[in-house]
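*Asks:* Coordinates in run38.pdb, PDB, C-alpha atoms, are listed below.
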ATOM      1  CA  MET A   1      48.993  51.460  58.773
ATOM      2  CA  ASP A   2      47.398  51.629  55.316
ATOM      3  CA  ASP A   3      49.190  51.603  51.957
ATOM      4  CA  PHE A   4      48.809  55.363  51.519
ATOM      5  CA  GLN A   5      50.578  56.089  54.801
ATOM      6  CA  LEU A   6      53.357  53.645  53.964
ATOM      7  CA  ALA A   7      53.847  55.241  50.539
ATOM      8  CA  SER A   8      53.906  58.685  52.144
ATOM      9  CA  ILE A   9      56.520  57.545  54.687
ATOM     10  CA  VAL A  10      58.801  56.228  51.929
ATOM     11  CA  VAL A  11      58.610  59.445  49.899
ATOM     12  CA  THR A  12      59.019  61.640  52.989
ATOM     13  CA  THR A  13      62.060  59.623  54.064
ATOM     14  CA  ILE A  14      63.699  60.228  50.690
ATOM     15  CA  ARG A  15      62.974  63.946  50.954
ATOM     16  CA  ASN A  16      64.144  64.211  54.583
ATOM     17  CA  ALA A  17      67.441  62.427  54.056
ATOM     18  CA  PRO A  18      69.346  64.983  51.873
ATOM     19  CA  VAL A  19      69.633  67.504  54.730
ATOM     20  CA  LEU A  20      71.452  64.880  56.782
ATOM     21  CA  ILE A  21      73.377  63.321  53.894
ATOM     22  CA  PHE A  22      74.976  66.607  52.812
ATOM     23  CA  ALA A  23      75.935  67.485  56.390
ATOM     24  CA  ALA A  24      77.160  63.971  57.207
ATOM     25  CA  MET A  25      79.330  63.830  54.075
ATOM     26  CA  ALA A  26      80.724  67.240  55.031
ATOM     27  CA  GLY A  27      81.602  65.951  58.485
ATOM     28  CA  LEU A  28      83.070  62.804  56.945
ATOM     29  CA  PHE A  29      85.623  64.781  54.919
ATOM     30  CA  ALA A  30      86.550  66.996  57.857
ATOM     31  CA  GLU A  31      86.894  64.214  60.394
ATOM     32  CA  ARG A  32      88.674  61.814  58.059
ATOM     33  CA  SER A  33      91.344  64.499  57.805
ATOM     34  CA  GLY A  34      91.604  64.698  61.603
ATOM     35  CA  VAL A  35      89.443  67.777  62.347
ATOM     36  CA  ILE A  36      86.354  67.427  64.534
ATOM     37  CA  ASP A  37      83.563  69.294  62.762
ATOM     38  CA  LEU A  38      81.126  70.176  65.513
ATOM     39  CA  GLY A  39      80.184  73.340  63.623
ATOM     40  CA  LEU A  40      77.914  71.635  61.083
ATOM     41  CA  GLU A  41      74.801  73.035  62.737
ATOM     42  CA  GLY A  42      76.049  76.631  62.496
ATOM     43  CA  LYS A  43      77.090  76.269  58.863
ATOM     44  CA  ILE A  44      73.705  74.782  57.981
ATOM     45  CA  LEU A  45      71.937  77.746  59.603
ATOM     46  CA  ALA A  46      74.194  80.315  57.936
ATOM     47  CA  SER A  47      73.790  78.834  54.471
ATOM     48  CA  ALA A  48      70.040  78.381  54.962
ATOM     49  CA  PHE A  49      69.607  82.058  55.837
ATOM     50  CA  VAL A  50      71.925  83.441  53.162
ATOM     51  CA  SER A  51      70.477  81.133  50.491
ATOM     52  CA  ALA A  52      66.906  82.138  51.336
ATOM     53  CA  GLY A  53      67.729  85.846  51.635
ATOM     54  CA  VAL A  54      69.589  86.068  48.332
ATOM     55  CA  ALA A  55      67.105  83.827  46.512
ATOM     56  CA  TYR A  56      64.241  86.071  47.644
ATOM     57  CA  SER A  57      66.078  89.315  46.863
ATOM     58  CA  TYR A  58      67.037  88.258  43.323
ATOM     59  CA  GLN A  59      64.204  85.760  42.744
ATOM     60  CA  ASP A  60      66.810  83.221  41.676
ATOM     61  CA  PRO A  61      67.346  80.023  43.712
ATOM     62  CA  TRP A  62      70.697  79.304  42.082
ATOM     63  CA  MET A  63      72.092  82.644  43.154
ATOM     64  CA  GLY A  64      70.850  81.793  46.637
ATOM     65  CA  ILE A  65      72.647  78.446  46.580
ATOM     66  CA  ALA A  66      75.859  80.108  45.367
ATOM     67  CA  ALA A  67      75.647  82.683  48.161
ATOM     68  CA  GLY A  68      75.022  79.905  50.678
ATOM     69  CA  ILE A  69      78.166  78.125  49.494
ATOM     70  CA  LEU A  70      80.158  81.310  50.048
ATOM     71  CA  ALA A  71      78.755  81.768  53.564
ATOM     72  CA  SER A  72      79.355  78.175  54.606
ATOM     73  CA  CYS A  73      82.877  78.080  53.139
ATOM     74  CA  THR A  74      83.756  81.331  54.927
ATOM     75  CA  LEU A  75      82.755  79.800  58.260
ATOM     76  CA  ALA A  76      84.598  76.590  57.379
ATOM     77  CA  MET A  77      87.789  78.543  56.714
ATOM     78  CA  VAL A  78      87.445  80.449  59.989
ATOM     79  CA  GLN A  79      86.982  77.140  61.761
ATOM     80  CA  ALA A  80      89.976  75.687  59.898
ATOM     81  CA  PHE A  81      92.169  78.663  60.834
ATOM     82  CA  VAL A  82      91.348  78.273  64.526
ATOM     83  CA  SER A  83      91.589  74.479  64.538
ATOM     84  CA  ILE A  84      94.490  73.867  62.130
ATOM     85  CA  THR A  85      96.689  76.952  61.980
ATOM     86  CA  GLN A  86      96.169  78.209  65.533
ATOM     87  CA  LYS A  87      95.793  74.662  66.912
ATOM     88  CA  GLY A  88      92.850  75.739  69.063
ATOM     89  CA  ASN A  89      90.325  73.489  70.722
ATOM     90  CA  GLN A  90      88.301  72.008  67.876
ATOM     91  CA  LEU A  91      85.220  71.332  69.985
ATOM     92  CA  VAL A  92      85.097  74.910  71.244
ATOM     93  CA  ALA A  93      85.601  76.289  67.721
ATOM     94  CA  GLY A  94      82.673  74.252  66.393
ATOM     95  CA  MET A  95      80.354  75.138  69.255
ATOM     96  CA  ALA A  96      81.270  78.823  68.929
ATOM     97  CA  ILE A  97      80.147  78.767  65.296
ATOM     98  CA  ASN A  98      76.878  77.055  66.235
ATOM     99  CA  ILE A  99      76.058  79.535  68.993
ATOM    100  CA  ALA A 100      77.078  82.559  66.934
ATOM    101  CA  MET A 101      75.037  81.545  63.894
ATOM    102  CA  SER A 102      71.967  80.714  65.976
ATOM    103  CA  GLY A 103      71.837  84.315  67.171
ATOM    104  CA  LEU A 104      73.327  86.148  64.201
ATOM    105  CA  THR A 105      71.017  84.702  61.547
ATOM    106  CA  PHE A 106      67.976  85.722  63.592
ATOM    107  CA  VAL A 107      69.250  89.270  64.174
ATOM    108  CA  VAL A 108      70.261  89.855  60.543
ATOM    109  CA  ALA A 109      66.994  88.367  59.249
ATOM    110  CA  GLN A 110      65.042  90.688  61.529
ATOM    111  CA  TYR A 111      67.133  93.690  60.438
ATOM    112  CA  PHE A 112      66.644  93.092  56.706
ATOM    113  CA  PHE A 113      63.138  91.627  56.514
ATOM    114  CA  GLN A 114      61.339  92.730  59.710
ATOM    115  CA  GLN A 115      59.318  89.509  59.937
ATOM    116  CA  GLY A 116      60.231  88.197  63.361
ATOM    117  CA  GLY A 117      63.578  86.780  62.349
ATOM    118  CA  ARG A 118      62.418  84.946  59.243
ATOM    119  CA  THR A 119      62.587  85.678  55.548
ATOM    120  CA  PRO A 120      59.527  86.203  53.347
ATOM    121  CA  ASP A 121      58.139  83.218  51.460
ATOM    122  CA  LEU A 122      60.273  82.558  48.388
ATOM    123  CA  GLY A 123      57.380  81.778  46.066
ATOM    124  CA  GLU A 124      58.763  81.174  42.578
ATOM    125  CA  ALA A 125      62.334  81.474  43.821
ATOM    126  CA  ARG A 126      62.336  77.851  45.019
ATOM    127  CA  VAL A 127      64.070  74.994  43.227
ATOM    128  CA  SER A 128      61.464  73.183  41.142
ATOM    129  CA  GLU A 129      60.888  69.450  41.131
ATOM    130  CA  ILE A 130      61.951  67.338  38.172
ATOM    131  CA  VAL A 131      59.174  65.441  36.387
ATOM    132  CA  LEU A 132      60.663  62.470  34.555
ATOM    133  CA  PRO A 133      59.599  61.783  30.943
ATOM    134  CA  GLY A 134      56.659  59.399  30.745
ATOM    135  CA  THR A 135      55.441  60.061  34.278
ATOM    136  CA  ALA A 136      51.890  60.829  33.124
ATOM    137  CA  ALA A 137      51.801  57.709  30.940
ATOM    138  CA  VAL A 138      52.511  55.315  33.837
ATOM    139  CA  ALA A 139      50.736  57.305  36.561
ATOM    140  CA  ASP A 140      47.710  54.974  36.641
ATOM    141  CA  ILE A 141      49.715  51.740  36.767
ATOM    142  CA  PRO A 142      49.677  50.360  40.321
ATOM    143  CA  VAL A 143      53.026  50.451  42.148
ATOM    144  CA  ILE A 144      55.015  51.240  38.961
ATOM    145  CA  GLY A 145      53.384  54.644  38.576
ATOM    146  CA  TRP A 146      54.119  55.491  42.204
ATOM    147  CA  LEU A 147      57.707  54.198  42.044
ATOM    148  CA  TYR A 148      58.511  56.061  38.842
ATOM    149  CA  GLY A 149      56.622  59.250  39.595
ATOM    150  CA  SER A 150      57.184  59.728  43.333
ATOM    151  CA  VAL A 151      60.113  57.565  44.454
ATOM    152  CA  ILE A 152      62.463  57.834  41.478
ATOM    153  CA  GLY A 153      61.044  61.047  40.040
ATOM    154  CA  GLY A 154      59.327  64.098  41.449
ATOM    155  CA  HIS A 155      62.324  65.406  43.380
ATOM    156  CA  THR A 156      64.578  68.428  43.036
ATOM    157  CA  VAL A 157      68.103  68.276  41.667
ATOM    158  CA  LEU A 158      69.498  68.555  45.206
ATOM    159  CA  VAL A 159      67.851  65.254  46.190
ATOM    160  CA  TYR A 160      69.527  63.458  43.287
ATOM    161  CA  LEU A 161      72.821  65.170  44.083
ATOM    162  CA  ALA A 162      72.624  63.964  47.697
ATOM    163  CA  PHE A 163      72.259  60.320  46.689
ATOM    164  CA  LEU A 164      74.895  60.632  43.944
ATOM    165  CA  LEU A 165      77.322  61.725  46.651
ATOM    166  CA  LEU A 166      77.521  58.167  47.967
ATOM    167  CA  PRO A 167      79.456  56.634  45.029
ATOM    168  CA  LEU A 168      81.359  59.882  44.485
ATOM    169  CA  VAL A 169      82.556  60.208  48.083
ATOM    170  CA  HIS A 170      83.375  56.491  48.229
ATOM    171  CA  TRP A 171      85.541  56.813  45.120
ATOM    172  CA  VAL A 172      87.290  59.947  46.370
ATOM    173  CA  LEU A 173      88.055  58.451  49.786
ATOM    174  CA  TYR A 174      89.185  54.997  48.704
ATOM    175  CA  HIS A 175      90.264  55.247  45.060
ATOM    176  CA  SER A 176      91.904  58.651  44.608
ATOM    177  CA  ARG A 177      95.270  60.083  45.588
ATOM    178  CA  PHE A 178      93.603  62.863  47.543
ATOM    179  CA  GLY A 179      91.520  60.329  49.484
ATOM    180  CA  LEU A 180      94.633  58.364  50.410
ATOM    181  CA  ARG A 181      96.333  61.516  51.674
ATOM    182  CA  LEU A 182      93.170  62.570  53.509
ATOM    183  CA  ARG A 183      92.902  59.279  55.365
ATOM    184  CA  ALA A 184      96.635  59.299  56.113
ATOM    185  CA  CYS A 185      96.338  62.748  57.697
ATOM    186  CA  GLY A 186      93.485  61.518  59.864
ATOM    187  CA  GLU A 187      95.196  58.316  60.947
ATOM    188  CA  ASN A 188      98.890  59.210  61.183
ATOM    189  CA  PRO A 189      99.695  62.802  60.196
ATOM    190  CA  HIS A 190     103.373  62.484  61.103
ATOM    191  CA  ALA A 191     103.805  59.545  58.718
ATOM    192  CA  ALA A 192     101.942  61.509  56.020
ATOM    193  CA  ASP A 193     104.211  64.484  56.616
ATOM    194  CA  ALA A 194     107.301  62.263  56.369
ATOM    195  CA  ALA A 195     105.987  60.989  53.019
ATOM    196  CA  GLY A 196     105.840  64.560  51.692
ATOM    197  CA  VAL A 197     102.127  65.229  52.212
ATOM    198  CA  SER A 198     101.210  68.698  53.456
ATOM    199  CA  VAL A 199      98.962  67.876  56.416
ATOM    200  CA  GLN A 200      97.842  71.477  56.842
ATOM    201  CA  ARG A 201      96.948  71.913  53.165
ATOM    202  CA  THR A 202      95.075  68.600  53.079
ATOM    203  CA  ARG A 203      93.067  69.480  56.158
ATOM    204  CA  TYR A 204      92.240  72.940  54.795
ATOM    205  CA  THR A 205      91.064  71.330  51.549
ATOM    206  CA  ALA A 206      88.916  68.881  53.503
ATOM    207  CA  MET A 207      87.342  71.728  55.462
ATOM    208  CA  LEU A 208      86.645  73.636  52.248
ATOM    209  CA  ILE A 209      84.909  70.589  50.765
ATOM    210  CA  ALA A 210      82.970  70.236  54.017
ATOM    211  CA  GLY A 211      81.869  73.866  53.731
ATOM    212  CA  VAL A 212      80.547  73.344  50.206
ATOM    213  CA  LEU A 213      78.647  70.170  51.099
ATOM    214  CA  CYS A 214      77.214  71.661  54.283
ATOM    215  CA  SER A 215      75.912  74.647  52.319
ATOM    216  CA  PHE A 216      73.720  72.322  50.238
ATOM    217  CA  SER A 217      72.144  71.074  53.449
ATOM    218  CA  GLY A 218      71.173  74.599  54.464
ATOM    219  CA  ALA A 219      70.011  75.543  50.983
ATOM    220  CA  TYR A 220      67.874  72.413  50.813
ATOM    221  CA  LEU A 221      66.193  73.308  54.097
ATOM    222  CA  SER A 222      65.248  76.843  53.119
ATOM    223  CA  ILE A 223      64.906  76.805  49.326
ATOM    224  CA  VAL A 224      63.470  73.317  48.778
ATOM    225  CA  GLN A 225      61.709  72.082  51.917
ATOM    226  CA  SER A 226      60.386  75.202  53.636
ATOM    227  CA  GLY A 227      60.452  78.010  51.095
ATOM    228  CA  PHE A 228      61.702  80.474  53.733
ATOM    229  CA  PHE A 229      64.246  80.812  56.534
ATOM    230  CA  LEU A 230      63.140  80.497  60.148
ATOM    231  CA  ARG A 231      65.215  80.864  63.296
ATOM    232  CA  ASP A 232      67.003  77.618  64.265
ATOM    233  CA  MET A 233      65.210  75.794  61.450
ATOM    234  CA  SER A 234      67.972  73.191  61.280
ATOM    235  CA  ALA A 235      66.570  71.789  64.565
ATOM    236  CA  GLY A 236      69.667  69.761  65.381
ATOM    237  CA  ALA A 237      70.260  68.405  61.858
ATOM    238  CA  GLY A 238      73.998  68.990  62.238
ATOM    239  CA  TYR A 239      74.135  66.890  65.389
ATOM    240  CA  LEU A 240      71.985  64.163  63.822
ATOM    241  CA  ALA A 241      74.398  64.117  60.869
ATOM    242  CA  LEU A 242      77.319  63.644  63.252
ATOM    243  CA  THR A 243      75.401  60.798  64.911
ATOM    244  CA  ALA A 244      74.803  59.179  61.525
ATOM    245  CA  MET A 245      78.526  59.449  60.843
ATOM    246  CA  VAL A 246      79.361  57.707  64.127
ATOM    247  CA  PHE A 247      76.666  55.129  63.355
ATOM    248  CA  GLY A 248      78.345  54.585  59.970
ATOM    249  CA  ASN A 249      81.799  54.291  61.555
ATOM    250  CA  TRP A 250      83.086  57.133  59.334
ATOM    251  CA  ARG A 251      82.295  55.154  56.166
ATOM    252  CA  PRO A 252      80.169  56.638  53.346
ATOM    253  CA  LEU A 253      77.687  53.781  52.757
ATOM    254  CA  HIS A 254      76.928  53.144  56.402
ATOM    255  CA  THR A 255      76.711  56.892  57.064
ATOM    256  CA  VAL A 256      74.088  57.312  54.329
ATOM    257  CA  LEU A 257      72.151  54.382  55.791
ATOM    258  CA  GLY A 258      72.225  56.180  59.140
ATOM    259  CA  CYS A 259      70.877  59.327  57.470
ATOM    260  CA  LEU A 260      68.059  57.314  55.890
ATOM    261  CA  MET A 261      67.295  55.825  59.293
ATOM    262  CA  PHE A 262      66.887  59.287  60.841
ATOM    263  CA  GLY A 263      64.920  60.408  57.790
ATOM    264  CA  LEU A 264      62.577  57.474  58.384
ATOM    265  CA  PHE A 265      62.155  58.453  62.044
ATOM    266  CA  GLY A 266      61.189  61.959  60.948
ATOM    267  CA  ALA A 267      58.699  60.620  58.395
ATOM    268  CA  VAL A 268      57.055  58.318  60.935
ATOM    269  CA  GLN A 269      56.907  61.210  63.393
ATOM    270  CA  VAL A 270      54.856  63.247  60.908
ATOM    271  CA  GLN A 271      52.503  60.347  60.186
ATOM    272  CA  ILE A 272      51.673  59.448  63.787
ATOM    273  CA  GLU A 273      51.165  62.992  65.056
ATOM    274  CA  GLY A 274      47.535  63.442  65.980
ATOM    275  CA  VAL A 275      46.666  59.805  65.194
ATOM    276  CA  GLU A 276      44.862  57.556  67.678
ATOM    277  CA  LEU A 277      47.159  54.555  68.212
ATOM    278  CA  PRO A 278      46.073  51.218  69.707
ATOM    279  CA  VAL A 279      46.505  50.966  73.507
ATOM    280  CA  VAL A 280      48.468  54.229  73.915
ATOM    281  CA  GLY A 281      45.940  56.494  72.198
ATOM    282  CA  ARG A 282      47.009  59.893  70.857
ATOM    283  CA  ILE A 283      50.628  60.766  71.663
ATOM    284  CA  PRO A 284      51.297  64.442  72.533
ATOM    285  CA  GLY A 285      53.131  66.361  69.804
ATOM    286  CA  ALA A 286      56.008  67.303  72.117
ATOM    287  CA  LEU A 287      56.734  63.626  72.803
ATOM    288  CA  ILE A 288      56.600  62.797  69.089
ATOM    289  CA  GLN A 289      59.115  65.540  68.323
ATOM    290  CA  MET A 290      61.473  63.991  70.864
ATOM    291  CA  ILE A 291      61.614  60.664  68.993
ATOM    292  CA  PRO A 292      64.614  61.393  66.702
ATOM    293  CA  TYR A 293      66.667  62.801  69.582
ATOM    294  CA  VAL A 294      65.864  59.990  71.997
ATOM    295  CA  LEU A 295      66.823  57.495  69.315
ATOM    296  CA  THR A 296      70.017  59.492  68.741
ATOM    297  CA  VAL A 297      71.000  58.972  72.382
ATOM    298  CA  ILE A 298      70.158  55.269  72.132
ATOM    299  CA  VAL A 299      72.206  54.880  68.944
ATOM    300  CA  LEU A 300      75.193  56.689  70.428
ATOM    301  CA  ALA A 301      75.007  54.737  73.683
ATOM    302  CA  GLY A 302      74.925  51.445  71.809
ATOM    303  CA  LEU A 303      77.459  52.139  69.095
ATOM    304  CA  MET A 304      79.962  54.663  70.434
ATOM    305  CA  ALA A 305      82.093  51.969  72.081
ATOM    306  CA  LYS A 306      82.131  49.947  68.844
ATOM    307  CA  SER A 307      82.926  52.836  66.512
ATOM    308  CA  VAL A 308      86.546  53.379  65.569
ATOM    309  CA  ALA A 309      87.296  57.046  64.855
ATOM    310  CA  PRO A 310      90.349  58.201  62.888
ATOM    311  CA  LYS A 311      93.286  57.946  65.280
ATOM    312  CA  ALA A 312      94.380  61.578  64.928
ATOM    313  CA  LEU A 313      90.850  63.000  65.183
ATOM    314  CA  GLY A 314      90.837  66.164  67.292
ATOM    315  CA  LYS A 315      94.621  66.223  67.715
ATOM    316  CA  PRO A 316      96.408  69.340  66.374
ATOM    317  CA  PHE A 317      99.326  68.508  64.101
ATOM    318  CA  VAL A 318     102.696  69.857  65.229
ATOM    319  CA  LYS A 319     105.331  69.375  62.554
ATOM    320  CA  SER A 320     108.405  67.480  63.757
ATOM    321  CA  ARG A 321     111.683  69.318  63.528
TER     322      ARG A 321
END
Transcribe the structure of this file into structure tokens.
*Replies:*
Amino acid sequence: MDDFQLASIVVTTIRNAPVLIFAAMAGLFAERSGVIDLGLEGKILASAFVSAGVAYSYQDPWMGIAAGILASCTLAMVQAFVSITQKGNQLVAGMAINIAMSGLTFVVAQYFFQQGGRTPDLGEARVSEIVLPGTAAVADIPVIGWLYGSVIGGHTVLVYLAFLLLPLVHWVLYHSRFGLRLRACGENPHAADAAGVSVQRTRYTAMLIAGVLCSFSGAYLSIVQSGFFLRDMSAGAGYLALTAMVFGNWRPLHTVLGCLMFGLFGAVQVQIEGVELPVVGRIPGALIQMIPYVLTVIVLAGLMAKSVAPKALGKPFVKSR
């Protein structure tokens, strides 16, 4: 593999990771509070469609992102009502959102735009990349020009926000009062309740935060990466984010590393498609597309037994009388 391909893989990995990081951090908040968030995939799709549709209609990507936040948070609150207030099956609630959004986004997109279930190309309504000062001056310097211009710079604000989430989420979870209450509700909600913490309110807040973060994942897909919405364009990103969270043992740093790992798999997949490889020759595209999902199964099979989930995860809280 030559230097150009390696450089391309690094940059592509950085640009692939935010979709997973936003969704994984969303799942981290929800599940640390004790609610299984299997509905990440549906919320990503909903926010991707609404963000693209509004951004195209108003030719303003920021209005699209705001609308995507509203859509994702609405679904998160519906999921929270079923899972927390009504004490319904959290797995079923999440899967219901995924299935509903897979069909509904396609139908609504077809109704409004009449383009086979996709939105028109956004054109100028996409979030622009940030060019750091001095990029042109160092562009011709080997390695440094590439690092400064393409690795550190040359990304959209959502990419920087995704990586800034790591220290922010770590601080919130481990160094703030809310984080202490959140973890208490996920580990021992009855003890948290006895200490005067409202378990229901904390879990609702966690789900609201998860809705906001998940919306950025969808907006990034449609407004930054693709420039349009396409049916089921998330392609399992919500499930990969959950896998990264299990890989990271519900801890922010390790979860982000898992997201980068899957981002790397996706980047390598793009690079080797259509390339003649030694011994094996050219690998069919369908097999290449399977790589991230096969590795997901391998990761889960190897790490699930070693991962320690929050003790109250998936268990409805019934207040003691």
*Asks:* Please provide the set of residues having any atom within 7 Å of stretch 42-50 of chain A, restricted to all atoms listed in the file, with same-chain residues fewer than 6 positions apart removed, written as a ChimeraX atom specification.
*Replies:* /A:64,67-69,71-72,75,97-98,101-102,105,214-215,217-219,221-222,229,232,234
*Asks:* Between atom CA of A:Leu180 and atom CA of A:Met245, what is the distance in Å, rounded to a tenth?
*Replies:*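 Between these atoms lies a distance of 19.2 Å.
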*Asks:* Starting from the displayed file, determine the output of the PyMOL selection byres ((chain A and resi 182-196) around 7) and express the residue list as a list of chain:residue names.
*Replies:*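 Here the PyMOL selection byres ((chain A and resi 182-196) around 7) matches A:Arg32, A:Ser33, A:Gly34, A:Phe178, A:Gly179, A:Leu180, A:Arg181, A:Val197, A:Ser198, A:Val199, A:Thr202, A:Pro310, A:Lys311, A:Ala312, A:Leu313, A:Phe317.
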*Asks:* Would you mind telling me which residue in A:Ala24, A:Ile141, A:Val78, A:Val11 lies nearest to A:Val246 when using all atoms listed in the file?
*Replies:*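 Among the listed residues, the smallest separation from A:Val246 belongs to A:Ala24.
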*Asks:* Which residues, named as in the file, does the PyMOL selection byres ((chain A and resi 14) around 9) pick out? Answer as a ChimeraX atom specification.
*Replies:* /A:9-13,15-18,151,159,260,263-264
*Asks:* Would you mind reading off the distance between atom CA of A:Thr156 and atom CA of A:Val256, one decimal, in Å?
*Replies:*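 Going from atom CA of A:Thr156 over to atom CA of A:Val256 covers 18.5 Å.
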*Asks:* Find the spatial neighbours of A:Leu242, counting all atoms listed in the file, within a cut-off of 12 Å - ignore same-chain residues fewer than 4 positions away - and output them as a PyMOL selection string.
*Replies:* chain A and resi 20-31+36-41+236-238+246-250+255-256+258-259+262+296+299-300+304
